[in-house]
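Structure file protein.cif; described as mmCIF, C-alpha atoms.
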```cif
data_model
#
loop_
_atom_site.group_PDB
_atom_site.id
_atom_site.type_symbol
_atom_site.label_atom_id
_atom_site.label_comp_id
_atom_site.auth_asym_id
_atom_site.auth_seq_id
_atom_site.Cartn_x
_atom_site.Cartn_y
_atom_site.Cartn_z
ATOM 1 C CA MET B 7 103.260 118.942 71.046
ATOM 2 C CA GLU B 8 104.818 119.741 74.391
ATOM 3 C CA THR B 9 108.118 121.547 74.596
ATOM 4 C CA THR B 10 111.099 120.099 76.417
ATOM 5 C CA THR B 11 110.663 122.699 79.159
ATOM 6 C CA GLU B 12 107.054 121.655 79.731
ATOM 7 C CA LYS B 13 108.021 117.976 79.839
ATOM 8 C CA ASN B 14 110.838 118.676 82.295
ATOM 9 C CA THR B 15 108.657 120.817 84.547
ATOM 10 C CA ALA B 16 105.902 118.179 84.591
ATOM 11 C CA THR B 17 108.451 115.419 85.248
ATOM 12 C CA PHE B 18 109.994 117.329 88.143
ATOM 13 C CA THR B 19 106.512 117.965 89.516
ATOM 14 C CA HIS B 20 106.058 114.196 89.791
ATOM 15 C CA LEU B 21 109.558 113.621 91.149
ATOM 16 C CA SER B 22 109.184 116.405 93.718
ATOM 17 C CA ALA B 23 106.693 114.199 95.569
ATOM 18 C CA LEU B 24 109.662 112.038 96.572
ATOM 19 C CA THR B 25 110.969 114.864 98.763
ATOM 20 C CA GLN B 26 108.657 113.512 101.468
ATOM 21 C CA TYR B 27 111.510 111.172 102.412
ATOM 22 C CA PHE B 28 113.775 114.128 103.253
ATOM 23 C CA ILE B 29 111.479 117.047 104.073
ATOM 24 C CA PRO B 30 108.203 116.733 105.998
ATOM 25 C CA PHE B 31 105.237 117.577 103.750
ATOM 26 C CA GLY B 32 107.618 117.986 100.800
ATOM 27 C CA ASN B 33 105.285 115.791 98.764
ATOM 28 C CA TYR B 34 102.718 118.615 98.938
ATOM 29 C CA ILE B 35 104.864 121.753 99.108
ATOM 30 C CA PHE B 36 107.162 121.235 96.113
ATOM 31 C CA PRO B 37 104.543 119.919 93.661
ATOM 32 C CA ILE B 38 102.327 122.900 94.547
ATOM 33 C CA ILE B 39 105.201 125.331 93.942
ATOM 34 C CA LEU B 40 106.125 123.783 90.579
ATOM 35 C CA TRP B 41 102.512 123.402 89.463
ATOM 36 C CA THR B 42 101.395 126.935 90.347
ATOM 37 C CA SER B 43 104.438 128.473 88.666
ATOM 38 C CA LYS B 44 103.586 127.004 85.235
ATOM 39 C CA LYS B 45 99.927 125.966 85.279
ATOM 40 C CA GLU B 46 98.736 129.124 83.503
ATOM 41 C CA SER B 47 101.182 128.802 80.625
ATOM 42 C CA SER B 48 100.999 125.042 79.979
ATOM 43 C CA GLU B 49 98.033 122.687 79.906
ATOM 44 C CA PHE B 50 100.462 119.728 80.082
ATOM 45 C CA VAL B 51 102.026 120.958 83.346
ATOM 46 C CA ASP B 52 98.572 121.836 84.688
ATOM 47 C CA HIS B 53 97.317 118.282 84.046
ATOM 48 C CA HIS B 54 100.319 116.636 85.703
ATOM 49 C CA GLY B 55 100.357 119.018 88.654
ATOM 50 C CA LYS B 56 96.733 118.153 89.386
ATOM 51 C CA GLN B 57 97.501 114.448 89.033
ATOM 52 C CA VAL B 58 100.379 114.594 91.513
ATOM 53 C CA LEU B 59 98.417 116.548 94.106
ATOM 54 C CA ASN B 60 95.289 114.413 93.746
ATOM 55 C CA PHE B 61 97.396 111.270 94.145
ATOM 56 C CA GLN B 62 99.156 112.599 97.247
ATOM 57 C CA LEU B 63 95.890 113.766 98.826
ATOM 58 C CA SER B 64 94.277 110.401 98.054
ATOM 59 C CA LEU B 65 97.159 108.560 99.701
ATOM 60 C CA LEU B 66 96.881 110.847 102.724
ATOM 61 C CA LEU B 67 93.190 109.977 103.043
ATOM 62 C CA TYR B 68 93.831 106.245 102.630
ATOM 63 C CA SER B 69 96.652 106.376 105.181
ATOM 64 C CA LEU B 70 94.509 108.192 107.732
ATOM 65 C CA VAL B 71 91.737 105.606 107.355
ATOM 66 C CA LEU B 72 94.220 102.749 107.798
ATOM 67 C CA ILE B 73 95.747 104.423 110.859
ATOM 68 C CA LEU B 74 92.269 104.959 112.310
ATOM 69 C CA ILE B 75 91.699 101.223 111.911
ATOM 70 C CA ALA B 76 95.083 99.913 113.085
ATOM 71 C CA VAL B 77 95.844 102.070 116.132
ATOM 72 C CA PRO B 78 92.539 101.586 118.006
ATOM 73 C CA THR B 79 92.589 97.892 117.151
ATOM 74 C CA PHE B 80 96.015 97.401 118.728
ATOM 75 C CA LEU B 81 95.196 99.616 121.717
ATOM 76 C CA ILE B 82 91.965 97.766 122.431
ATOM 77 C CA THR B 83 93.757 94.424 122.180
ATOM 78 C CA LEU B 84 96.574 95.621 124.422
ATOM 79 C CA PHE B 85 94.418 97.150 127.156
ATOM 80 C CA ARG B 86 92.023 94.248 127.134
ATOM 81 C CA ASN B 87 94.916 92.103 128.407
ATOM 82 C CA VAL B 88 96.480 94.534 130.900
ATOM 83 C CA PRO B 89 94.762 94.853 134.280
ATOM 84 C CA LEU B 90 93.757 98.469 134.909
ATOM 85 C CA GLU B 91 94.693 98.358 138.594
ATOM 86 C CA ALA B 92 98.255 97.408 137.635
ATOM 87 C CA VAL B 93 98.543 100.488 135.460
ATOM 88 C CA VAL B 94 96.940 102.846 138.008
ATOM 89 C CA ASN B 95 98.560 101.556 141.195
ATOM 90 C CA ASP B 96 101.857 100.079 140.097
ATOM 91 C CA HIS B 97 102.485 102.269 137.044
ATOM 92 C CA ASP B 98 103.501 99.066 135.346
ATOM 93 C CA PHE B 99 102.215 97.137 132.375
ATOM 94 C CA VAL B 100 101.893 93.474 133.304
ATOM 95 C CA PHE B 101 100.907 90.991 130.649
ATOM 96 C CA ARG B 102 99.304 88.022 132.341
ATOM 97 C CA ASN B 103 98.136 85.208 130.163
ATOM 98 C CA PHE B 104 97.941 87.166 126.940
ATOM 99 C CA ASN B 105 95.178 85.433 125.007
ATOM 100 C CA PHE B 106 96.041 85.256 121.308
ATOM 101 C CA GLU B 107 93.068 83.013 120.551
ATOM 102 C CA GLY B 108 90.585 85.511 121.974
ATOM 103 C CA ASN B 109 92.169 88.426 120.124
ATOM 104 C CA ILE B 110 93.093 86.846 116.795
ATOM 105 C CA GLY B 111 90.319 88.685 114.925
ATOM 106 C CA MET B 112 91.318 92.112 116.218
ATOM 107 C CA LEU B 113 95.015 91.429 115.682
ATOM 108 C CA THR B 114 94.333 90.247 112.132
ATOM 109 C CA VAL B 115 92.416 93.425 111.285
ATOM 110 C CA GLY B 116 95.214 95.584 112.693
ATOM 111 C CA LEU B 117 97.959 93.658 110.920
ATOM 112 C CA VAL B 118 96.095 93.744 107.595
ATOM 113 C CA ALA B 119 95.712 97.535 107.929
ATOM 114 C CA VAL B 120 99.456 97.893 108.615
ATOM 115 C CA LEU B 121 100.287 95.591 105.676
ATOM 116 C CA ILE B 122 98.046 97.563 103.296
ATOM 117 C CA PHE B 123 99.670 100.804 104.506
ATOM 118 C CA GLY B 124 103.123 99.389 103.772
ATOM 119 C CA LEU B 125 102.062 98.201 100.325
ATOM 120 C CA LEU B 126 100.577 101.622 99.607
ATOM 121 C CA LYS B 127 103.894 103.325 100.419
ATOM 122 C CA VAL B 128 105.853 100.924 98.191
ATOM 123 C CA ALA B 129 103.334 101.334 95.361
ATOM 124 C CA GLU B 130 103.496 105.115 95.775
ATOM 125 C CA PHE B 131 107.257 105.127 95.229
ATOM 126 C CA PHE B 132 107.111 103.032 92.069
ATOM 127 C CA LEU B 133 104.065 104.845 90.668
ATOM 128 C CA ILE B 134 105.821 108.196 91.052
ATOM 129 C CA ILE B 135 108.831 106.868 89.146
ATOM 130 C CA TYR B 136 106.579 105.353 86.454
ATOM 131 C CA ALA B 137 104.595 108.591 86.104
ATOM 132 C CA SER B 138 107.844 110.560 85.768
ATOM 133 C CA ILE B 139 109.038 108.309 82.965
ATOM 134 C CA LYS B 140 105.712 108.554 81.121
ATOM 135 C CA THR B 141 105.663 112.325 81.563
ATOM 136 C CA SER B 142 109.232 112.763 80.320
ATOM 137 C CA ASN B 143 108.154 110.914 77.162
ATOM 138 C CA GLY B 144 105.383 113.476 76.638
ATOM 139 C CA GLU B 145 102.475 111.222 77.633
ATOM 140 C CA LYS B 146 99.628 112.265 79.896
ATOM 141 C CA TYR B 147 99.564 109.975 82.919
ATOM 142 C CA LYS B 148 96.750 109.375 85.390
ATOM 143 C CA TYR B 149 97.539 107.660 88.694
ATOM 144 C CA PRO B 150 95.385 104.680 89.686
ATOM 145 C CA ILE B 151 93.204 104.754 92.853
ATOM 146 C CA THR B 152 93.150 108.560 92.807
ATOM 147 C CA ILE B 153 90.250 110.673 93.984
ATOM 148 C CA PRO B 154 89.960 113.845 91.838
ATOM 149 C CA PHE B 155 90.008 116.512 94.564
ATOM 150 C CA ILE B 156 91.408 119.172 92.200
ATOM 151 C CA LYS B 157 89.662 119.267 88.837
#
```
Before we go any further, please render this structure as structure tokens.
Amino acid sequence: METTTEKNTATFTHLSALTQYFIPFGNYIFPIILWTSKKESSEFVDHHGKQVLNFQLSLLLYSLVLILIAVPTFLITLFRNVPLEAVVNDHDFVFRNFNFEGNIGMLTVGLVAVLIFGLLKVAEFFLIIYASIKTSNGEKYKYPITIPFIK
């Protein structure tokens, strides 16, 4: 049976991932600090610290893949419709006869990647809250779609 201190530490380890909205890279820094401070003394905190970090690293990987899909897709679509001589000589972007029909496939791929990224961020918020509730009740929680980087 876990003590109240262990439950609280594990819960705050999950909740500390929400600091990403206030402090850059807070979703990595604070869980690492909380996890490393108590991982030797509590198997419960060790399990949840690994879960939080694996989830955050997995989301980072998924986000990078989606960005690597979306950004080039939009740039290719944009520059396919802007004459290069207008950019070089006039230093001006002129959209002449932007062809949605010819670019609908590329635009769809880019928009789907952006939509999935947005859904991932919303799901991340609610999963962190859900994991915190489960952890505060003394249950071991495992995030979905998580790659086990730290074992």
The PyMOL selection byres ((chain B and resi 127) around 12) resolved against shown file, as a ChimeraX atom specification: /B:24,26-27,62,65-66,68-69,120-126,128-134
Give me, please, the distance in Å between CA of Ser138 in chain B and CA of Leu72 in chain B, quoted to one decimal.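 Computing the Euclidean distance for CA of Ser138 in chain B and CA of Leu72 in chain B yields 27.1 Å.
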Which residue of B:Thr15, B:Thr152, B:Asn143, B:Ser64 approaches Ser47 in chain B most closely, using all atoms listed in the file: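 Under the stated criterion, the closest residue is B:Thr15.
For the structure in this document, the set picked by the PyMOL selection byres ((chain B and resi 80) around 12) is Ile73, Leu74, Ile75, Ala76, Val77, Pro78, Thr79, Leu81, Ile82, Thr83, Leu84, Phe85, Arg86, Asn87, Asn109, Ile110, Gly111, Met112, Leu113, Thr114, Val115, Gly116, Leu117, Val118, Ala119 and Val120 of chain B.
If you measure from each of B:Tyr147, B:Phe61, B:Phe50, B:Phe28 to Lys13 in chain B using all atoms listed in the file, the closest one turns out to be B:Phe50.
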Quick one: which residues end up in the PyMOL selection byres ((chain B and resi 33) around 10) for this structure, as a ChimeraX atom specification? /B:19-32,34-38,58-59,62-63
Tell me, in Å to one decimal, how far CA of Lys157 in chain B is from CA of His54 in chain B.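 Answer for the CA of Lys157 in chain B to CA of His54 in chain B separation: 11.4 Å.
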Taking (99.5, 118.1, 69.9) in the file's coordinates, which residues come within 12 Å, counting all atoms listed in the file, written as a ChimeraX atom specification? /B:7-9,49-50,144-146
Using the selection just defined, write its residues with C-alpha atoms as a compact mmCIF listing (two decimals), in the coordinates of the input.
```txt
# COMPACT_ATOMS: atom_id res chain seq x y z
CA MET B 7 103.26 118.94 71.05
CA GLU B 8 104.82 119.74 74.39
CA THR B 9 108.12 121.55 74.60
CA GLU B 49 98.03 122.69 79.91
CA PHE B 50 100.46 119.73 80.08
CA GLY B 144 105.38 113.48 76.64
CA GLU B 145 102.48 111.22 77.63
CA LYS B 146 99.63 112.26 79.90
```
Residue nearest Ile153 in chain B among B:Leu67, B:Val51, B:Ala16, B:Leu40 (counting all atoms listed in the file): B:Leu67
